[in-house]
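**Student:** As input, take input-v7.cif (mmCIF, C-alpha atoms (C1' of nucleotides)):
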data_upload
#
loop_
_atom_site.group_PDB
_atom_site.id
_atom_site.type_symbol
_atom_site.label_atom_id
_atom_site.label_comp_id
_atom_site.auth_asym_id
_atom_site.auth_seq_id
_atom_site.Cartn_x
_atom_site.Cartn_y
_atom_site.Cartn_z
ATOM 1 C CA MET A 162 96.245 86.865 118.559
ATOM 2 C CA ALA A 163 95.559 90.252 117.072
ATOM 3 C CA ARG A 164 97.439 91.872 114.267
ATOM 4 C CA ALA A 165 101.128 92.386 114.912
ATOM 5 C CA ALA A 166 102.064 95.748 116.365
ATOM 6 C CA THR A 167 103.020 98.449 113.917
ATOM 7 C CA THR A 168 106.317 98.570 115.738
ATOM 8 C CA ALA A 169 106.873 94.845 115.319
ATOM 9 C CA ASP A 170 109.092 95.358 112.297
ATOM 10 C CA VAL A 171 109.707 97.642 109.350
ATOM 11 C CA PHE A 172 107.105 95.932 107.201
ATOM 12 C CA ASN A 173 104.371 96.707 109.696
ATOM 13 C CA ALA A 174 105.612 100.224 110.233
ATOM 14 C CA ILE A 175 105.523 101.160 106.562
ATOM 15 C CA ALA A 176 102.117 99.597 106.006
ATOM 16 C CA GLU A 177 100.522 102.845 107.084
ATOM 17 C CA PRO A 178 100.281 105.263 104.124
ATOM 18 C CA ARG A 179 100.744 108.362 106.242
ATOM 19 C CA ARG A 180 103.966 106.938 107.521
ATOM 20 C CA ARG A 181 105.232 106.326 104.018
ATOM 21 C CA GLU A 182 104.251 109.881 103.220
ATOM 22 C CA ILE A 183 106.290 111.173 106.120
ATOM 23 C CA ILE A 184 109.216 109.032 105.061
ATOM 24 C CA GLY A 185 108.847 110.613 101.650
ATOM 25 C CA VAL A 186 109.343 113.998 103.195
ATOM 26 C CA LEU A 187 112.502 112.898 104.969
ATOM 27 C CA VAL A 188 113.962 111.215 101.912
ATOM 28 C CA ASP A 189 116.256 114.141 101.214
ATOM 29 C CA GLY A 190 118.364 112.984 104.105
ATOM 30 C CA LYS A 191 118.274 116.276 105.940
ATOM 31 C CA GLU A 192 117.061 117.006 109.424
ATOM 32 C CA TRP A 193 113.424 117.882 109.771
ATOM 33 C CA ALA A 194 111.635 119.484 112.678
ATOM 34 C CA VAL A 195 108.247 117.997 113.511
ATOM 35 C CA GLY A 196 106.529 121.269 112.758
ATOM 36 C CA ASP A 197 107.892 121.382 109.229
ATOM 37 C CA VAL A 198 106.750 117.856 108.575
ATOM 38 C CA VAL A 199 103.337 118.783 109.900
ATOM 39 C CA LYS A 200 103.067 121.602 107.382
ATOM 40 C CA LEU A 201 103.911 119.319 104.494
ATOM 41 C CA VAL A 202 101.776 116.311 105.288
ATOM 42 C CA ARG A 203 98.789 118.320 106.478
ATOM 43 C CA LEU A 204 98.162 116.255 109.566
ATOM 44 C CA PRO A 205 97.609 117.426 113.138
ATOM 45 C CA GLN A 206 100.848 117.642 115.065
ATOM 46 C CA PRO A 207 99.988 114.869 117.528
ATOM 47 C CA ALA A 208 99.352 112.501 114.653
ATOM 48 C CA VAL A 209 102.726 113.283 113.118
ATOM 49 C CA SER A 210 104.462 112.859 116.445
ATOM 50 C CA LYS A 211 102.846 109.468 116.864
ATOM 51 C CA HIS A 212 103.808 108.321 113.402
ATOM 52 C CA LEU A 213 107.358 109.525 113.891
ATOM 53 C CA GLY A 214 107.348 107.656 117.168
ATOM 54 C CA VAL A 215 106.507 104.408 115.416
ATOM 55 C CA LEU A 216 109.170 105.004 112.799
ATOM 56 C CA ARG A 217 111.695 105.721 115.507
ATOM 57 C CA ARG A 218 110.792 102.552 117.335
ATOM 58 C CA VAL A 219 111.659 100.462 114.313
ATOM 59 C CA GLY A 220 114.748 102.514 113.607
ATOM 60 C CA VAL A 221 113.606 104.048 110.341
ATOM 61 C CA VAL A 222 114.180 107.532 111.708
ATOM 62 C CA THR A 223 116.489 108.978 114.312
ATOM 63 C CA VAL A 224 115.940 111.966 116.549
ATOM 64 C CA VAL A 225 118.198 114.649 117.819
ATOM 65 C CA LYS A 226 117.187 117.319 120.251
ATOM 66 C CA ARG A 227 118.137 120.806 119.199
ATOM 67 C CA GLY A 228 116.776 123.645 121.210
ATOM 68 C CA GLN A 229 113.075 123.308 121.517
ATOM 69 C CA HIS A 230 112.973 121.335 118.327
ATOM 70 C CA ARG A 231 113.423 117.658 117.751
ATOM 71 C CA MET A 232 115.112 117.013 114.484
ATOM 72 C CA TYR A 233 114.173 113.823 112.723
ATOM 73 C CA ARG A 234 116.292 112.249 110.058
ATOM 74 C CA LEU A 235 115.635 109.269 107.858
ATOM 75 C CA ASN A 236 117.720 106.200 108.536
ATOM 76 C CA GLY A 237 117.024 104.682 105.166
ATOM 77 C CA ALA A 238 119.276 101.704 105.705
ATOM 78 C CA GLU A 239 116.546 100.195 107.830
ATOM 79 C CA LEU A 240 114.430 99.915 104.709
ATOM 80 C CA LYS A 241 116.906 97.651 103.002
ATOM 81 C CA PRO A 242 115.175 94.470 104.196
ATOM 82 C CA VAL A 243 112.064 95.601 102.382
ATOM 83 C CA HIS A 244 114.021 96.209 99.225
ATOM 84 C CA ASP A 245 115.842 92.911 99.487
ATOM 85 C CA TRP A 246 112.633 91.023 100.039
ATOM 86 C CA ALA A 247 110.828 92.673 97.139
ATOM 87 C CA LYS A 248 113.839 92.188 94.907
ATOM 88 C CA THR A 249 113.281 88.451 95.230
ATOM 89 C CA PHE A 250 110.341 88.779 92.883
ATOM 90 C CA GLU A 251 112.043 90.952 90.322
ATOM 91 C CA LYS A 252 111.776 88.271 87.670
ATOM 92 C CA TYR A 253 108.039 88.703 87.751
ATOM 93 C CA TRP A 254 108.240 92.101 86.144
ATOM 94 C CA THR A 255 111.573 92.101 84.361
ATOM 95 C CA HIS A 256 111.112 89.080 82.143
ATOM 96 C CA GLN A 257 108.836 89.615 79.198
ATOM 97 C CA ILE A 258 107.807 85.979 79.310
ATOM 98 C CA SER A 259 106.575 86.314 82.853
ATOM 99 C CA ARG A 260 104.373 89.200 81.881
ATOM 100 C CA ILE A 261 102.731 87.173 79.155
ATOM 101 C CA LYS A 262 102.223 84.243 81.453
ATOM 102 C CA GLU A 263 100.681 86.393 84.115
ATOM 103 C CA ARG A 264 98.293 87.865 81.628
ATOM 104 C CA ALA A 265 97.159 84.406 80.652
ATOM 105 C CA GLU A 266 96.727 83.491 84.277
ATOM 106 C CA GLN A 267 94.817 86.621 84.971
ATOM 107 C CA LYS A 268 92.389 85.771 82.231
ATOM 108 C CA ALA A 269 91.953 82.292 83.640
ATOM 109 C CA VAL A 270 91.170 83.789 87.008
ATOM 110 C CA GLU A 271 88.642 86.128 85.519
ATOM 111 C CA ARG A 272 86.989 83.235 83.772
ATOM 112 C CA ILE A 273 86.675 81.343 87.011
ATOM 113 C CA GLY A 274 85.636 84.487 88.723
ATOM 114 C CA SER A 275 82.555 84.910 86.594
ATOM 115 C CA ALA A 276 81.766 81.241 86.947
ATOM 116 C CA LEU A 277 81.863 81.187 90.702
ATOM 117 C CA PRO A 278 79.173 82.985 92.690
ATOM 118 C CA SER A 279 81.542 83.241 95.619
ATOM 119 C CA GLU A 280 84.028 84.818 93.288
ATOM 120 C CA ALA A 281 81.936 87.849 92.467
ATOM 121 C CA PRO A 282 83.469 90.738 90.470
ATOM 122 C CA ASP A 283 85.230 91.636 93.665
ATOM 123 C CA SER A 284 82.864 94.183 95.052
ATOM 124 C CA ASP A 285 85.531 94.170 97.687
ATOM 125 C CA LYS A 286 84.597 92.123 100.679
ATOM 126 C CA MET B 184 89.879 105.518 112.416
ATOM 127 C CA ALA B 185 91.380 102.110 112.988
ATOM 128 C CA ARG B 186 94.292 100.611 111.172
ATOM 129 C CA ALA B 187 93.796 100.222 107.444
ATOM 130 C CA ALA B 188 92.476 96.867 106.307
ATOM 131 C CA THR B 189 95.042 94.262 105.412
ATOM 132 C CA THR B 190 93.400 94.183 102.012
ATOM 133 C CA ALA B 191 93.742 97.929 101.596
ATOM 134 C CA ASP B 192 96.895 97.572 99.534
ATOM 135 C CA VAL B 193 99.936 95.391 99.003
ATOM 136 C CA PHE B 194 101.885 97.100 101.755
ATOM 137 C CA ASN B 195 99.288 96.168 104.333
ATOM 138 C CA ALA B 196 98.914 92.670 102.987
ATOM 139 C CA ILE B 197 102.605 91.855 103.249
ATOM 140 C CA ALA B 198 102.928 93.332 106.709
ATOM 141 C CA GLU B 199 101.879 90.005 108.175
ATOM 142 C CA PRO B 200 104.921 87.691 108.507
ATOM 143 C CA ARG B 201 102.930 84.530 107.862
ATOM 144 C CA ARG B 202 101.757 86.000 104.624
ATOM 145 C CA ARG B 203 105.297 86.754 103.536
ATOM 146 C CA GLU B 204 106.169 83.207 104.477
ATOM 147 C CA ILE B 205 103.421 81.875 102.260
ATOM 148 C CA ILE B 206 104.556 84.118 99.436
ATOM 149 C CA GLY B 207 107.999 82.657 99.942
ATOM 150 C CA VAL B 208 106.592 79.227 99.284
ATOM 151 C CA LEU B 209 104.951 80.345 96.080
ATOM 152 C CA VAL B 210 108.005 82.181 94.805
ATOM 153 C CA ASP B 211 108.929 79.327 92.478
ATOM 154 C CA GLY B 212 106.091 80.426 90.254
ATOM 155 C CA LYS B 213 104.383 77.084 90.183
ATOM 156 C CA GLU B 214 100.873 76.191 91.206
ATOM 157 C CA TRP B 215 100.374 75.221 94.807
ATOM 158 C CA ALA B 216 97.440 73.483 96.422
ATOM 159 C CA VAL B 217 96.399 74.862 99.794
ATOM 160 C CA GLY B 218 97.170 71.569 101.469
ATOM 161 C CA ASP B 219 100.764 71.603 100.291
ATOM 162 C CA VAL B 220 101.241 75.127 101.529
ATOM 163 C CA VAL B 221 99.779 74.073 104.856
ATOM 164 C CA LYS B 222 102.372 71.350 105.193
ATOM 165 C CA LEU B 223 105.221 73.737 104.539
ATOM 166 C CA VAL B 224 104.229 76.667 106.686
ATOM 167 C CA ARG B 225 102.955 74.546 109.563
ATOM 168 C CA LEU B 226 99.787 76.487 110.086
ATOM 169 C CA PRO B 227 96.231 75.208 110.430
ATOM 170 C CA GLN B 228 94.457 74.993 107.096
ATOM 171 C CA PRO B 229 91.850 77.671 107.892
ATOM 172 C CA ALA B 230 94.611 80.113 108.713
ATOM 173 C CA VAL B 231 96.340 79.463 105.414
ATOM 174 C CA SER B 232 93.084 79.813 103.521
ATOM 175 C CA LYS B 233 92.458 83.141 105.175
ATOM 176 C CA HIS B 234 95.927 84.429 104.423
ATOM 177 C CA LEU B 235 95.665 83.296 100.839
ATOM 178 C CA GLY B 236 92.340 85.048 100.710
ATOM 179 C CA VAL B 237 93.912 88.335 101.712
ATOM 180 C CA LEU B 238 96.680 87.897 99.177
ATOM 181 C CA ARG B 239 94.143 87.167 96.495
ATOM 182 C CA ARG B 240 92.152 90.250 97.375
ATOM 183 C CA VAL B 241 95.139 92.451 96.721
ATOM 184 C CA GLY B 242 96.074 90.506 93.633
ATOM 185 C CA VAL B 243 99.327 89.040 94.892
ATOM 186 C CA VAL B 244 98.118 85.523 94.171
ATOM 187 C CA THR B 245 95.688 84.046 91.709
ATOM 188 C CA VAL B 246 93.547 80.963 92.092
ATOM 189 C CA VAL B 247 92.475 78.270 89.723
ATOM 190 C CA LYS B 248 90.089 75.497 90.575
ATOM 191 C CA ARG B 249 91.316 72.087 89.578
ATOM 192 C CA GLY B 250 89.332 69.140 90.790
ATOM 193 C CA GLN B 251 88.829 69.396 94.461
ATOM 194 C CA HIS B 252 91.955 71.466 94.764
ATOM 195 C CA ARG B 253 92.414 75.167 94.432
ATOM 196 C CA MET B 254 95.732 75.967 92.908
ATOM 197 C CA TYR B 255 97.326 79.200 93.994
ATOM 198 C CA ARG B 256 100.037 80.910 92.038
ATOM 199 C CA LEU B 257 102.086 83.963 92.876
ATOM 200 C CA ASN B 258 101.413 87.059 90.833
ATOM 201 C CA GLY B 259 104.694 88.670 91.743
ATOM 202 C CA ALA B 260 104.167 91.688 89.549
ATOM 203 C CA GLU B 261 101.863 93.064 92.204
ATOM 204 C CA LEU B 262 104.855 93.389 94.469
ATOM 205 C CA LYS B 263 106.601 95.784 92.146
ATOM 206 C CA PRO B 264 105.231 98.867 93.914
ATOM 207 C CA VAL B 265 106.944 97.707 97.080
ATOM 208 C CA HIS B 266 110.196 97.240 95.249
ATOM 209 C CA ASP B 267 109.917 100.593 93.514
ATOM 210 C CA TRP B 268 109.163 102.350 96.739
ATOM 211 C CA ALA B 269 112.025 100.741 98.634
ATOM 212 C CA LYS B 270 114.376 101.397 95.753
ATOM 213 C CA THR B 271 113.925 105.097 96.413
ATOM 214 C CA PHE B 272 116.147 104.733 99.450
ATOM 215 C CA GLU B 273 118.855 102.700 97.801
ATOM 216 C CA LYS B 274 121.413 105.437 98.284
ATOM 217 C CA TYR B 275 121.168 104.878 101.993
ATOM 218 C CA TRP B 276 122.894 101.521 101.756
ATOM 219 C CA THR B 277 124.837 101.726 98.518
ATOM 220 C CA HIS B 278 126.937 104.784 99.201
ATOM 221 C CA GLN B 279 129.808 104.241 101.552
ATOM 222 C CA ILE B 280 129.498 107.789 102.800
ATOM 223 C CA SER B 281 125.914 107.265 103.815
ATOM 224 C CA ARG B 282 126.862 104.299 105.910
ATOM 225 C CA ILE B 283 129.412 106.308 107.823
ATOM 226 C CA LYS B 284 126.984 109.103 108.365
ATOM 227 C CA GLU B 285 124.314 106.783 109.622
ATOM 228 C CA ARG B 286 126.709 105.256 112.093
ATOM 229 C CA ALA B 287 127.430 108.662 113.491
ATOM 230 C CA GLU B 288 123.767 109.420 113.724
ATOM 231 C CA GLN B 289 123.065 106.147 115.402
ATOM 232 C CA LYS B 290 125.579 106.957 118.082
ATOM 233 C CA ALA B 291 123.968 110.328 118.597
ATOM 234 C CA VAL B 292 120.634 108.656 119.043
ATOM 235 C CA GLU B 293 122.034 106.247 121.559
ATOM 236 C CA ARG B 294 123.479 109.139 123.480
ATOM 237 C CA ILE B 295 120.127 110.844 123.610
ATOM 238 C CA GLY B 296 118.456 107.584 124.375
ATOM 239 C CA SER B 297 120.392 107.159 127.583
ATOM 240 C CA ALA B 298 119.847 110.774 128.474
ATOM 241 C CA LEU B 299 116.088 110.725 128.117
ATOM 242 C CA PRO B 300 114.034 108.714 130.630
ATOM 243 C CA SER B 301 111.248 108.438 128.077
ATOM 244 C CA GLU B 302 113.809 107.005 125.742
ATOM 245 C CA ALA B 303 114.442 103.865 127.744
ATOM 246 C CA PRO B 304 116.626 101.069 126.313
ATOM 247 C CA ASP B 305 113.632 100.129 124.238
ATOM 248 C CA SER B 306 112.237 97.339 126.314
ATOM 249 C CA ASP B 307 109.748 97.459 123.503
ATOM 250 C CA LYS B 308 106.703 99.404 124.389
ATOM 251 C "C1'" DA C 181 108.281 134.444 136.878
ATOM 252 C "C1'" DC C 182 105.510 134.375 132.772
ATOM 253 C "C1'" DC C 183 104.173 133.521 128.209
ATOM 254 C "C1'" DA C 184 104.648 131.630 123.626
ATOM 255 C "C1'" DT C 185 106.371 127.941 120.935
ATOM 256 C "C1'" DA C 186 107.419 122.997 119.920
ATOM 257 C "C1'" DT C 187 106.506 118.414 120.730
ATOM 258 C "C1'" DA C 188 104.945 114.399 123.248
ATOM 259 C "C1'" DT C 189 101.501 111.908 125.867
ATOM 260 C "C1'" DT C 190 97.042 110.389 127.496
ATOM 261 C "C1'" DC C 191 92.226 109.138 126.949
ATOM 262 C "C1'" DC C 192 88.425 107.726 124.268
ATOM 263 C "C1'" DC C 193 86.399 105.107 120.478
ATOM 264 C "C1'" DA C 194 85.243 102.786 116.212
ATOM 265 C "C1'" DT C 195 87.314 99.277 113.685
ATOM 266 C "C1'" DA C 196 89.944 95.453 112.154
ATOM 267 C "C1'" DT C 197 92.388 92.092 112.888
ATOM 268 C "C1'" DA C 198 94.628 86.792 113.615
ATOM 269 C "C1'" DA C 199 94.148 82.640 115.787
ATOM 270 C "C1'" DG C 200 91.218 78.839 117.303
ATOM 271 C "C1'" DA C 201 87.193 76.054 117.097
ATOM 272 C "C1'" DA C 202 83.473 74.520 114.761
ATOM 273 C "C1'" DT C 203 81.048 74.087 110.703
ATOM 274 C "C1'" DA C 204 79.817 74.616 105.877
ATOM 275 C "C1'" DT C 205 80.711 73.809 101.013
ATOM 276 C "C1'" DG C 206 82.441 71.345 97.166
ATOM 277 C "C1'" DT C 207 84.243 67.360 94.749
ATOM 278 C "C1'" DC C 208 85.768 62.761 93.815
ATOM 279 C "C1'" DA C 209 85.142 57.747 94.142
ATOM 280 C "C1'" DA C 210 82.805 53.486 94.995
ATOM 281 C "C1'" DT D 193 73.871 57.953 98.284
ATOM 282 C "C1'" DT D 194 77.532 57.748 101.240
ATOM 283 C "C1'" DG D 195 81.909 58.781 102.751
ATOM 284 C "C1'" DA D 196 86.522 60.695 102.416
ATOM 285 C "C1'" DC D 197 89.071 64.509 101.254
ATOM 286 C "C1'" DA D 198 90.092 69.599 100.265
ATOM 287 C "C1'" DT D 199 89.082 74.135 101.205
ATOM 288 C "C1'" DA D 200 86.349 78.039 102.721
ATOM 289 C "C1'" DT D 201 83.454 80.408 106.051
ATOM 290 C "C1'" DT D 202 81.531 81.758 110.427
ATOM 291 C "C1'" DC D 203 81.955 82.964 115.304
ATOM 292 C "C1'" DT D 204 84.365 84.284 119.211
ATOM 293 C "C1'" DT D 205 87.892 86.842 121.634
ATOM 294 C "C1'" DA D 206 92.029 89.368 122.954
ATOM 295 C "C1'" DT D 207 94.502 93.086 121.185
ATOM 296 C "C1'" DA D 208 96.176 97.002 118.716
ATOM 297 C "C1'" DT D 209 95.377 100.346 116.211
ATOM 298 C "C1'" DG D 210 94.748 105.833 114.197
ATOM 299 C "C1'" DG D 211 92.419 109.944 114.740
ATOM 300 C "C1'" DG D 212 90.554 113.649 117.681
ATOM 301 C "C1'" DA D 213 90.599 116.237 121.777
ATOM 302 C "C1'" DA D 214 92.724 117.655 125.667
ATOM 303 C "C1'" DT D 215 96.654 118.031 128.284
ATOM 304 C "C1'" DA D 216 101.406 117.537 129.719
ATOM 305 C "C1'" DT D 217 106.294 118.571 129.147
ATOM 306 C "C1'" DA D 218 110.048 120.909 127.682
ATOM 307 C "C1'" DT D 219 112.597 125.150 126.086
ATOM 308 C "C1'" DG D 220 113.435 129.924 124.771
ATOM 309 C "C1'" DG D 221 112.577 134.760 125.213
ATOM 310 C "C1'" DT D 222 111.535 138.906 127.876
#
Could you quickly redo this structure as structure tokens?

**Tutor:**
Amino acid sequence: MARAATTADVFNAIAEPRRREIIGVLVDGKEWAVGDVVKLVRLPQPAVSKHLGVLRRVGVVTVVKRGQHRMYRLNGAELKPVHDWAKTFEKYWTHQISRIKERAEQKAVERIGSALPSEAPDSDK
Amino acid sequence: MARAATTADVFNAIAEPRRREIIGVLVDGKEWAVGDVVKLVRLPQPAVSKHLGVLRRVGVVTVVKRGQHRMYRLNGAELKPVHDWAKTFEKYWTHQISRIKERAEQKAVERIGSALPSEAPDSDK
DNA sequence: ACCATATATTCCCATATAAGAATATGTCAA
DNA sequence: TTGACATATTCTTATATGGGAATATATGGT
């Protein structure tokens, strides 16, 4: 099986940075024509249309035809699952104790890292 | 350009459902041996190792060698960016008004959906 | 009818999966 | 050393990208 489709769920849809960028443009809650988004994100129009298509598929944006324009609007509620999921780990950054513990663990990892050849200074892949 | 690597950032890493499942197992903050994770998520060991590898690459988990086991622990702090990002859209589900507005928009979309042939009842792709 | 504008769609391609199978590596114990 | 156990790595394969280029499909204006 290959990687799940970008339209499989919200998590896959927002994995793409450009898409998060576009969502960032729409965050004001107003309607946005594709062309205006294009100007802001500096991407070719077809690319933006495709990204908006993915976001529409998962329900993160909605479209309304108006004249020759298609107005996109953010449907932020669809992002709630992401927030809820991430919120589960809040304790990891809110509790001071956790931070200290993580630091200690990080050091342990680094120690092992330098000890293991297969654990090279992460030259990334 | 193809899709960004799963190890490109946290957002890409957590896009995979199995990986979120594994993270869910580690959420208790304790150390987990690969074998124990395998039992819980019902996936072949190599698959789990690979997923853990991706999570380690992005820093979401840390590893410590102990005997013949490798103990993985969640480094939840790495998920904060996801939480912060999602939090940006909180207003979309906290404000009553927003909810009403979204409902209206949703209906509009459905209307268009049935009007456009290219907008079929989303038989998914 | 004709043209310009706005947006979507199609085709091609390099790339990266994720799962499965098989195998390698590492470690403990007798 | 040998074997059992734990985990990682390698290979293969089907599949889905995302970008670029080209083109198609509206829609409005004259």

**Student:** Would you mind listing, as number ranges by chain, all residues of chain B that have at least one atom within 7 Å of chain A, where only C-alpha atoms are what counts?

**Tutor:** B: 194-195, 198, 245-247, 258-260, 262, 265-266, 269-270, 272, 275-276, 285, 292

**Student:** Using the chain letters and numbers from the file, which residues does the PyMOL selection byres ((chain C) within 9 of (chain A)) grab, as a PyMOL selection string?

**Tutor:** chain C and resi 185-189+196-199

**Student:** Using the selection just defined, write its residues with C-alpha atoms (C1' of nucleotides) as an mmCIF file, keeping the file's coordinate frame.

**Tutor:**
data_model
loop_
_atom_site.group_PDB
_atom_site.id
_atom_site.type_symbol
_atom_site.label_atom_id
_atom_site.label_comp_id
_atom_site.auth_asym_id
_atom_site.auth_seq_id
_atom_site.Cartn_x
_atom_site.Cartn_y
_atom_site.Cartn_z
ATOM 1 C "C1'" DT C 185 106.371 127.941 120.935
ATOM 2 C "C1'" DA C 186 107.419 122.997 119.920
ATOM 3 C "C1'" DT C 187 106.506 118.414 120.730
ATOM 4 C "C1'" DA C 188 104.945 114.399 123.248
ATOM 5 C "C1'" DT C 189 101.501 111.908 125.867
ATOM 6 C "C1'" DA C 196 89.944 95.453 112.154
ATOM 7 C "C1'" DT C 197 92.388 92.092 112.888
ATOM 8 C "C1'" DA C 198 94.628 86.792 113.615
ATOM 9 C "C1'" DA C 199 94.148 82.640 115.787
#

**Student:** Select, as a VMD selection string, those residues of chain D with any atom no more than 6 Å from chain B (distances computed using only C-alpha atoms (C1' of nucleotides)).

**Tutor:** chain D and resid 198 209 to 211

**Student:** So which residues touch Val198 in chain A within 9 Å, counting only C-alpha atoms (C1' of nucleotides), skipping near sequence neighbours fewer than 4 positions away, as a list in words?

**Tutor:**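 Surrounding residues, per the criterion: Ile183, Val186, Leu187, Trp193, Ala194, Val202, Arg203, Leu204, Gln206 and Val209 of chain A.
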
**Student:** List every protein, DNA or RNA residue that has an atom no more than 12 Å from (95.8, 110.4, 127.5) in the file's coordinate frame, counting only C-alpha atoms (C1' of nucleotides), and report them as a PyMOL selection string.

**Tutor:** (chain A and resi 207) or (chain C and resi 188-192) or (chain D and resi 212-216)

**Student:** Tell me, in Å to one decimal, how far CA of Arg202 in chain B is from CA of Arg239 in chain B.

**Tutor:** 11.2 Å

**Student:** What is the distance between CA of Tyr233 in chain A and CA of Glu192 in chain A, in Å to one decimal?

**Tutor:** 5.4 Å

**Student:** Applied to the shown file, which residues does the PyMOL selection byres ((chain C and resi 201) around 12) return, written as a PyMOL selection string?

**Tutor:** (chain B and resi 227+229-230) or (chain C and resi 199-200+202-203) or (chain D and resi 202-205)
